[in-house]
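Next up, target_1.txt (compact mmCIF, C-alpha atoms and all ligand atoms):
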```txt
# COMPACT_ATOMS: atom_id res chain seq x y z
CA MET A 21 13.27 -0.02 17.92
CA SER A 22 15.45 2.44 16.04
CA GLY A 23 14.62 2.11 12.32
CA LYS A 24 11.80 3.80 10.47
CA PHE A 25 8.76 2.18 8.87
CA ILE A 26 7.22 3.90 5.84
CA THR A 27 4.25 2.64 3.84
CA PHE A 28 2.91 3.50 0.38
CA GLU A 29 -0.86 3.52 0.07
CA GLY A 30 -3.53 4.32 -2.50
CA THR A 31 -6.10 2.91 -4.85
CA ASP A 32 -5.33 0.54 -7.73
CA GLY A 33 -3.09 2.01 -10.41
CA ALA A 34 -2.14 5.07 -8.35
CA GLY A 35 1.57 4.46 -9.01
CA LYS A 36 2.80 3.00 -5.71
CA THR A 37 4.85 0.16 -7.18
CA THR A 38 6.19 2.28 -10.06
CA ILE A 39 7.46 4.95 -7.67
CA LEU A 40 8.76 2.45 -5.10
CA ASN A 41 10.88 0.81 -7.82
CA MET A 42 12.27 4.24 -8.80
CA VAL A 43 13.01 5.09 -5.16
CA LEU A 44 14.77 1.77 -4.70
CA LYS A 45 16.87 2.25 -7.84
CA HIS A 46 17.79 5.78 -6.84
CA LEU A 47 18.64 4.97 -3.23
CA GLU A 48 20.27 1.55 -3.41
CA ALA A 49 23.73 2.97 -4.11
CA THR A 50 23.70 5.46 -1.21
CA MET A 51 21.63 3.50 1.30
CA LYS A 52 23.02 0.05 0.53
CA ASP A 53 21.42 -2.49 2.87
CA ASN A 54 20.03 0.25 5.13
CA LEU A 55 17.00 0.27 2.84
CA VAL A 56 14.61 -2.70 3.03
CA THR A 57 11.52 -2.92 0.83
CA SER A 58 8.55 -5.18 1.22
CA ARG A 59 5.03 -5.56 -0.10
CA GLU A 60 1.64 -6.68 1.11
CA PRO A 61 0.32 -9.23 0.99
CA GLY A 62 3.70 -10.95 0.89
CA GLY A 63 7.25 -10.01 1.69
CA ASN A 64 8.46 -13.47 2.77
CA PRO A 65 7.73 -17.08 1.72
CA ILE A 66 4.84 -17.70 4.16
CA ALA A 67 3.13 -14.40 3.40
CA GLU A 68 3.73 -14.90 -0.34
CA SER A 69 1.96 -18.30 -0.04
CA ILE A 70 -0.98 -16.56 1.60
CA ARG A 71 -0.87 -14.02 -1.26
CA GLN A 72 -1.27 -16.87 -3.77
CA VAL A 73 -4.43 -18.04 -1.96
CA ILE A 74 -5.86 -14.51 -1.87
CA LEU A 75 -5.13 -13.82 -5.54
CA ASP A 76 -5.99 -17.31 -6.91
CA ARG A 77 -8.64 -16.82 -9.59
CA ASN A 78 -10.21 -20.15 -8.65
CA ASN A 79 -11.08 -18.86 -5.18
CA VAL A 80 -14.18 -17.00 -6.39
CA ASP A 81 -16.16 -18.21 -3.38
CA MET A 82 -13.87 -16.59 -0.84
CA ASP A 83 -15.90 -14.97 1.93
CA PRO A 84 -14.99 -11.29 2.55
CA LYS A 85 -14.10 -11.98 6.18
CA THR A 86 -11.92 -14.94 5.16
CA GLU A 87 -10.15 -12.58 2.77
CA ALA A 88 -9.73 -9.97 5.52
CA LEU A 89 -8.28 -12.58 7.90
CA LEU A 90 -5.84 -13.81 5.25
CA TYR A 91 -4.57 -10.28 4.66
CA ALA A 92 -4.14 -9.86 8.41
CA ALA A 93 -2.32 -13.21 8.66
CA ALA A 94 0.07 -12.25 5.85
CA ARG A 95 0.59 -8.87 7.54
CA ARG A 96 1.41 -10.53 10.84
CA GLN A 97 4.02 -12.76 9.25
CA ASN A 98 5.57 -9.84 7.37
CA ILE A 99 5.80 -7.77 10.56
CA VAL A 100 7.32 -10.55 12.64
CA GLU A 101 9.65 -12.01 10.02
CA THR A 102 10.69 -9.00 7.96
CA VAL A 103 9.66 -5.55 9.18
CA LYS A 104 10.40 -5.64 12.92
CA PRO A 105 13.78 -7.43 12.63
CA ALA A 106 14.83 -4.85 10.01
CA LEU A 107 13.72 -1.98 12.25
CA GLU A 108 15.59 -3.49 15.18
CA ASN A 109 18.67 -3.44 12.95
CA ASN A 110 18.14 0.28 12.34
CA LYS A 111 16.94 -0.06 8.73
CA LEU A 112 14.60 2.16 6.73
CA VAL A 113 11.73 -0.12 5.71
CA ILE A 114 9.37 0.89 2.91
CA CYS A 115 6.36 -1.36 2.40
CA ASP A 116 4.04 -1.32 -0.64
CA ARG A 117 0.65 -1.31 1.20
CA TYR A 118 -0.09 -2.06 4.87
CA LEU A 119 -2.99 -1.82 7.34
CA ASP A 120 -4.64 1.20 5.67
CA SER A 121 -5.21 -1.01 2.60
CA SER A 122 -7.24 -3.48 4.67
CA ILE A 123 -9.27 -0.68 6.24
CA ALA A 124 -9.96 0.81 2.79
CA TYR A 125 -10.50 -2.39 0.75
CA GLN A 126 -12.05 -4.80 3.23
CA GLY A 127 -13.55 -2.23 5.59
CA GLY A 128 -14.82 0.20 2.94
CA GLY A 129 -14.75 -1.69 -0.36
CA ARG A 130 -16.18 -4.97 0.92
CA ASN A 131 -18.44 -3.20 3.41
CA ILE A 132 -17.16 -5.12 6.44
CA GLY A 133 -16.74 -1.80 8.23
CA GLU A 134 -13.59 0.20 8.85
CA LYS A 135 -13.76 -0.17 12.65
CA ALA A 136 -14.27 -3.95 12.46
CA ILE A 137 -11.23 -4.32 10.22
CA ASN A 138 -9.15 -2.03 12.39
CA ASP A 139 -10.15 -3.93 15.55
CA MET A 140 -9.42 -7.33 13.98
CA ASN A 141 -6.02 -6.08 12.82
CA GLN A 142 -5.07 -4.97 16.33
CA PHE A 143 -4.62 -8.66 17.11
CA ALA A 144 -2.43 -9.15 14.03
CA THR A 145 -0.30 -6.02 14.42
CA ASP A 146 -0.31 -5.41 18.19
CA GLY A 147 -1.20 -1.85 17.22
CA PHE A 148 2.01 -1.37 15.25
CA LEU A 149 1.66 1.60 12.86
CA PRO A 150 4.03 3.17 10.30
CA ASP A 151 6.10 6.25 11.17
CA LEU A 152 5.01 7.73 7.85
CA THR A 153 2.53 6.82 5.13
CA ILE A 154 2.65 8.29 1.63
CA TYR A 155 -0.82 8.25 0.12
CA PHE A 156 -0.99 8.32 -3.68
CA ASN A 157 -4.15 10.33 -4.20
CA LEU A 158 -5.79 9.64 -7.57
CA PRO A 159 -9.39 9.68 -8.81
CA VAL A 160 -10.70 6.12 -9.15
CA GLU A 161 -11.35 6.38 -12.89
CA ASP A 162 -7.80 7.55 -13.60
CA GLY A 163 -6.34 4.52 -11.83
CA LEU A 164 -8.66 2.11 -13.61
CA LYS A 165 -7.79 3.71 -16.97
CA ARG A 166 -4.08 3.33 -16.28
CA ILE A 167 -4.55 -0.34 -15.44
CA ALA A 168 -6.72 -0.92 -18.50
CA GLN A 169 -4.14 0.78 -20.73
CA ASN A 170 -1.40 -1.28 -19.19
CA ARG A 171 -3.34 -4.41 -20.07
CA ASP A 172 -3.86 -3.15 -23.63
CA GLU A 173 -7.58 -3.02 -23.00
CA ASN A 174 -8.81 0.53 -23.25
CA ASP A 175 -12.43 -0.42 -22.71
CA ILE A 176 -13.02 0.63 -19.11
CA ASP A 177 -16.80 0.07 -19.63
CA ARG A 178 -16.21 -3.64 -19.37
CA LEU A 179 -15.79 -3.13 -15.64
CA ASP A 180 -19.24 -3.49 -14.18
CA VAL A 181 -20.87 -0.79 -12.06
CA GLU A 182 -20.41 -2.77 -8.88
CA THR A 183 -16.68 -2.91 -9.44
CA ILE A 184 -16.53 0.86 -9.89
CA ASP A 185 -18.68 1.33 -6.77
CA PHE A 186 -16.26 -0.91 -4.90
CA HIS A 187 -13.33 1.25 -5.97
CA HIS A 188 -15.21 4.40 -4.95
CA ARG A 189 -15.85 2.96 -1.48
CA VAL A 190 -12.12 2.18 -1.21
CA HIS A 191 -11.25 5.71 -2.30
CA ASP A 192 -13.71 7.25 0.17
CA ALA A 193 -12.29 5.16 3.01
CA TYR A 194 -8.78 6.37 2.17
CA GLN A 195 -10.01 9.98 2.27
CA ARG A 196 -11.40 9.32 5.78
CA LEU A 197 -8.08 7.76 6.87
CA MET A 198 -6.23 10.88 5.67
CA LYS A 199 -8.47 13.02 7.87
CA GLU A 200 -8.11 10.65 10.81
CA TYR A 201 -4.29 10.46 10.71
CA PRO A 202 -3.10 13.85 9.41
CA ASP A 203 0.23 13.55 11.26
CA ARG A 204 1.06 10.15 9.78
CA ILE A 205 -0.41 10.22 6.27
CA TYR A 206 1.06 12.57 3.62
CA ALA A 207 -0.85 12.76 0.35
CA VAL A 208 0.84 13.25 -3.00
CA ASP A 209 -1.07 14.28 -6.11
CA ALA A 210 -0.79 11.08 -8.13
CA ARG A 211 -2.43 12.67 -11.21
CA GLN A 212 0.92 14.24 -12.08
CA SER A 213 3.51 12.72 -14.40
CA ILE A 214 5.54 9.82 -13.03
CA ASP A 215 8.60 12.12 -12.73
CA ASP A 216 6.66 14.78 -10.79
CA VAL A 217 5.11 12.23 -8.42
CA TYR A 218 8.57 10.76 -7.89
CA GLU A 219 9.97 14.21 -7.08
CA ASP A 220 7.22 14.84 -4.51
CA VAL A 221 7.77 11.45 -2.91
CA MET A 222 11.54 11.98 -2.71
CA LYS A 223 10.99 15.37 -1.01
CA ILE A 224 8.90 13.66 1.67
CA LEU A 225 11.43 10.82 2.04
CA GLN A 226 14.57 12.97 2.06
CA PRO A 227 14.70 13.74 5.82
CA TYR A 228 14.39 10.00 6.53
CA VAL A 229 16.95 9.08 3.88
CA ASN A 230 19.47 11.55 5.31
CA GLU A 231 19.30 9.77 8.66
CA PHE A 232 20.11 6.40 7.12
CA LYS A 233 22.94 7.15 4.71
CA ASP A 234 26.06 5.14 5.37
N1 LIG A 301 1.94 9.25 -12.64
C1 LIG A 301 1.61 8.37 -13.59
N2 LIG A 301 1.13 8.78 -14.78
C2 LIG A 301 0.77 7.88 -15.73
N3 LIG A 301 0.85 6.55 -15.60
C3 LIG A 301 1.32 6.08 -14.44
C4 LIG A 301 1.72 6.95 -13.37
N4 LIG A 301 2.14 6.20 -12.33
C5 LIG A 301 2.00 4.92 -12.72
N5 LIG A 301 1.53 4.84 -13.98
C6 LIG A 301 1.22 3.62 -14.74
O1 LIG A 301 0.01 3.12 -14.22
C7 LIG A 301 0.06 1.71 -14.10
C8 LIG A 301 -0.18 1.31 -12.65
O2 LIG A 301 0.91 1.76 -11.86
P1 LIG A 301 1.39 0.94 -10.58
O3 LIG A 301 1.41 -0.51 -10.87
O4 LIG A 301 2.65 1.57 -10.11
O5 LIG A 301 0.20 1.28 -9.58
P2 LIG A 301 -0.05 0.69 -8.12
O6 LIG A 301 -0.44 1.85 -7.29
O7 LIG A 301 1.12 -0.11 -7.69
O8 LIG A 301 -1.32 -0.23 -8.40
P3 LIG A 301 -1.83 -1.54 -7.59
O9 LIG A 301 -2.48 -1.03 -6.34
O10 LIG A 301 -2.83 -2.12 -8.52
O11 LIG A 301 -0.63 -2.39 -7.34
C9 LIG A 301 1.43 1.29 -14.63
O12 LIG A 301 1.28 0.91 -15.97
C10 LIG A 301 2.27 2.55 -14.53
O13 LIG A 301 3.26 2.59 -15.51
MG MG A 302 1.31 -2.09 -7.08
```
How would this structure read if it were set down as C-alpha cells?
Ligand SMILES: Nc1ncnc2c1ncn2[C@@H]1O[C@H](COP(=O)(O)OP(=O)(O)OP(=O)(O)O)[C@@H](O)[C@H]1O
Ligand SMILES: [Mg+2]
Amino acid sequence: MSGKFITFEGTDGAGKTTILNMVLKHLEATMKDNLVTSREPGGNPIAESIRQVILDRNNVDMDPKTEALLYAAARRQNIVETVKPALENNKLVICDRYLDSSIAYQGGGRNIGEKAINDMNQFATDGFLPDLTIYFNLPVEDGLKRIAQNRDENDIDRLDVETIDFHHRVHDAYQRLMKEYPDRIYAVDARQSIDDVYEDVMKILQPYVNEFKD
C-alpha cells in the first residue's frame, strides 16, 4: 500500500472537525483528488447507517459493548470500502477519529477497558493503524464550554457529574495512548486560537502533503 493514513483525535470540542475542514479547503486546490477525507463512525453509506443507530436519541438502552461493537463494525466498513482502496490508489487519507477514539471512549469512558477494546478491534481492523495521528490536546472543561457555547447554552453545570467524569476518563485514556505510541501520535495544543492550531497542524502535515502534490 503506497498512500498515507492520518487520523485526527481528541476529546469533544477539541477542534478536530473545524481544523479538518480548514485543511481540506486549503489543500483541495493543490492536492486535488489525492486528498481523501473521512469520518468515524461513517464515511460511506453502510457506516453512516450504523452511525445513525449509534447516535439515535431513542437508543438510550444501548449496552456499552453493543455500542463498542457498532463502532468497530462501522470502522471495518470504512477501512474496507473507503480507506484501504484510497491508500492502494496512493492517496493521502485523513480521517476524523479512528481506533484511538474507541479505546478512549469505550475503553476508558465507558469503563470496558482499553485492552478489551483494543483486542476486539484487532478483529475489525486486522491491526491496521494510521501512519500518523494528530491529537488535539485540550482540557475537558474547555471542550465542553466550547460545545455549550456553540449550542447557545452557556450553562455547563447542566451537565451532570457523571458526564464530566466520563469525559475525564476519556481524556486520561488519550493521555495514556500518547505515552504508548509516541512515534505515531503528535499532540497539538488545542487551547490556542483556531488559526494557531491550524498552523501547528499544517506544519505536521506539510511533509506528507509535499509527497502528494500533483
Ligand atoms: N481553537 C479553538 N478556539 C476556540 N473555539 C474553537 C477552537 N476550535 C474549535 N472551536 C469551536 O469549538 C466548537 C467545537 O469544535 P469542533 O466541532 O471542531 O470540535 P471536534 O473536536 O470536532 O468535536 P467533536 O469530537 O464533538 O466532534 C466549534 O464551535 C468550533 O468553532
Ligand atoms: Mg467533530
Within 9 Å of ligand LIG 301 (chain A), which residues of chain A come that close, and what is the closest atom pair and distance in Å for each? Count only C-alpha atoms and all ligand atoms and give it as JSON lines.
```
{"residue": "A:Phe28", "atom": "CA", "partner": "A:LIG301", "partner_atom": "O6", "distance": 8.5}
{"residue": "A:Glu29", "atom": "CA", "partner": "A:LIG301", "partner_atom": "O6", "distance": 7.6}
{"residue": "A:Gly30", "atom": "CA", "partner": "A:LIG301", "partner_atom": "O6", "distance": 6.2}
{"residue": "A:Thr31", "atom": "CA", "partner": "A:LIG301", "partner_atom": "O9", "distance": 5.6}
{"residue": "A:Asp32", "atom": "CA", "partner": "A:LIG301", "partner_atom": "O9", "distance": 3.5}
{"residue": "A:Gly33", "atom": "CA", "partner": "A:LIG301", "partner_atom": "O5", "distance": 3.5}
{"residue": "A:Ala34", "atom": "CA", "partner": "A:LIG301", "partner_atom": "O6", "distance": 3.8}
{"residue": "A:Gly35", "atom": "CA", "partner": "A:LIG301", "partner_atom": "O4", "distance": 3.3}
{"residue": "A:Lys36", "atom": "CA", "partner": "A:LIG301", "partner_atom": "O6", "distance": 3.8}
{"residue": "A:Thr37", "atom": "CA", "partner": "A:LIG301", "partner_atom": "O7", "distance": 3.8}
{"residue": "A:Thr38", "atom": "CA", "partner": "A:LIG301", "partner_atom": "O4", "distance": 3.6}
{"residue": "A:Ile39", "atom": "CA", "partner": "A:LIG301", "partner_atom": "O4", "distance": 6.4}
{"residue": "A:Leu40", "atom": "CA", "partner": "A:LIG301", "partner_atom": "O4", "distance": 8.0}
{"residue": "A:Asn41", "atom": "CA", "partner": "A:LIG301", "partner_atom": "O4", "distance": 8.6}
{"residue": "A:Asp116", "atom": "CA", "partner": "A:LIG301", "partner_atom": "O7", "distance": 7.7}
{"residue": "A:Arg117", "atom": "CA", "partner": "A:LIG301", "partner_atom": "O9", "distance": 8.2}
{"residue": "A:Phe156", "atom": "CA", "partner": "A:LIG301", "partner_atom": "O6", "distance": 7.4}
{"residue": "A:Asp162", "atom": "CA", "partner": "A:LIG301", "partner_atom": "C2", "distance": 8.8}
{"residue": "A:Gly163", "atom": "CA", "partner": "A:LIG301", "partner_atom": "O1", "distance": 6.9}
{"residue": "A:Leu164", "atom": "CA", "partner": "A:LIG301", "partner_atom": "C8", "distance": 8.6}
{"residue": "A:Lys165", "atom": "CA", "partner": "A:LIG301", "partner_atom": "O1", "distance": 8.3}
{"residue": "A:Arg166", "atom": "CA", "partner": "A:LIG301", "partner_atom": "O1", "distance": 4.6}
{"residue": "A:Ile167", "atom": "CA", "partner": "A:LIG301", "partner_atom": "C7", "distance": 5.2}
{"residue": "A:Ala168", "atom": "CA", "partner": "A:LIG301", "partner_atom": "C7", "distance": 8.5}
{"residue": "A:Gln169", "atom": "CA", "partner": "A:LIG301", "partner_atom": "O12", "distance": 7.2}
{"residue": "A:Asn170", "atom": "CA", "partner": "A:LIG301", "partner_atom": "O12", "distance": 4.7}
{"residue": "A:Arg171", "atom": "CA", "partner": "A:LIG301", "partner_atom": "O12", "distance": 8.2}
{"residue": "A:Asp209", "atom": "CA", "partner": "A:LIG301", "partner_atom": "N1", "distance": 8.8}
{"residue": "A:Ala210", "atom": "CA", "partner": "A:LIG301", "partner_atom": "N1", "distance": 5.6}
{"residue": "A:Arg211", "atom": "CA", "partner": "A:LIG301", "partner_atom": "N1", "distance": 5.7}
{"residue": "A:Gln212", "atom": "CA", "partner": "A:LIG301", "partner_atom": "N1", "distance": 5.1}
{"residue": "A:Ser213", "atom": "CA", "partner": "A:LIG301", "partner_atom": "N1", "distance": 4.2}
{"residue": "A:Ile214", "atom": "CA", "partner": "A:LIG301", "partner_atom": "N1", "distance": 3.7}
{"residue": "A:Asp215", "atom": "CA", "partner": "A:LIG301", "partner_atom": "N1", "distance": 7.3}
{"residue": "A:Asp216", "atom": "CA", "partner": "A:LIG301", "partner_atom": "N1", "distance": 7.5}
{"residue": "A:Val217", "atom": "CA", "partner": "A:LIG301", "partner_atom": "N1", "distance": 6.1}
{"residue": "A:Tyr218", "atom": "CA", "partner": "A:LIG301", "partner_atom": "N1", "distance": 8.3}
```
Nearest to Ile114 in chain A: which of A:Val160, A:Leu197, A:Met82, A:Leu152 is it, counting only C-alpha atoms? A:Leu152
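Here CA of Tyr155 in chain A is placed at a distance of 23.4 Å from CA of Ile74 in chain A.
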Using only C-alpha atoms, which of the listed residues (A:Val56, A:Ile184, A:Val208, A:Leu44) sits closest to Ala106 in chain A? A:Val56
CA of Tyr206 in chain A to CA of Tyr118 in chain A, distance in Å rounded to a single decimal: 14.7 Å
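Shortest atom-to-atom contact with ligand MG 302 (chain A) among A:Leu107, A:Leu55, A:Cys115, A:Ile26: A:Cys115, counting all atoms listed in the file.
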Skip Leu47 in chain A itself and residues of its chain fewer than 6 positions away, then list as a ChimeraX atom specification all residues within 12 Å of it, counting all atoms listed in the file. /A:40-41,53-57,112,114,222,225-226,228-230,232-234
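Using all atoms listed in the file, the shortest contact distance between ligand MG 302 (chain A) and any of A:Gly128, A:Pro105, A:Pro61, A:Pro84 is found at A:Pro61.
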Just the number, please: distance in Å from CA of Arg95 in chain A to CA of Pro159 in chain A, one decimal. 26.7 Å
Choose the residue, out of A:Asp120, A:Glu87, A:Glu60, A:Asp81, that has the smallest atom-to-atom separation from Val103 in chain A; count all atoms listed in the file. A:Glu60
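With distances restricted to all atoms listed in the file, A:Arg59 is the closest residue to ligand MG 302 (chain A) from A:Lys45, A:Arg130, A:Arg59, A:Arg196.
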Long-range neighbours of range 139-143 of chain A as an MDAnalysis selection string, 9 Å cut-off, only C-alpha atoms, 4 positions minimum in chain: chainID A and resid 88:89 92 95:96 119 122 134:135 147:148
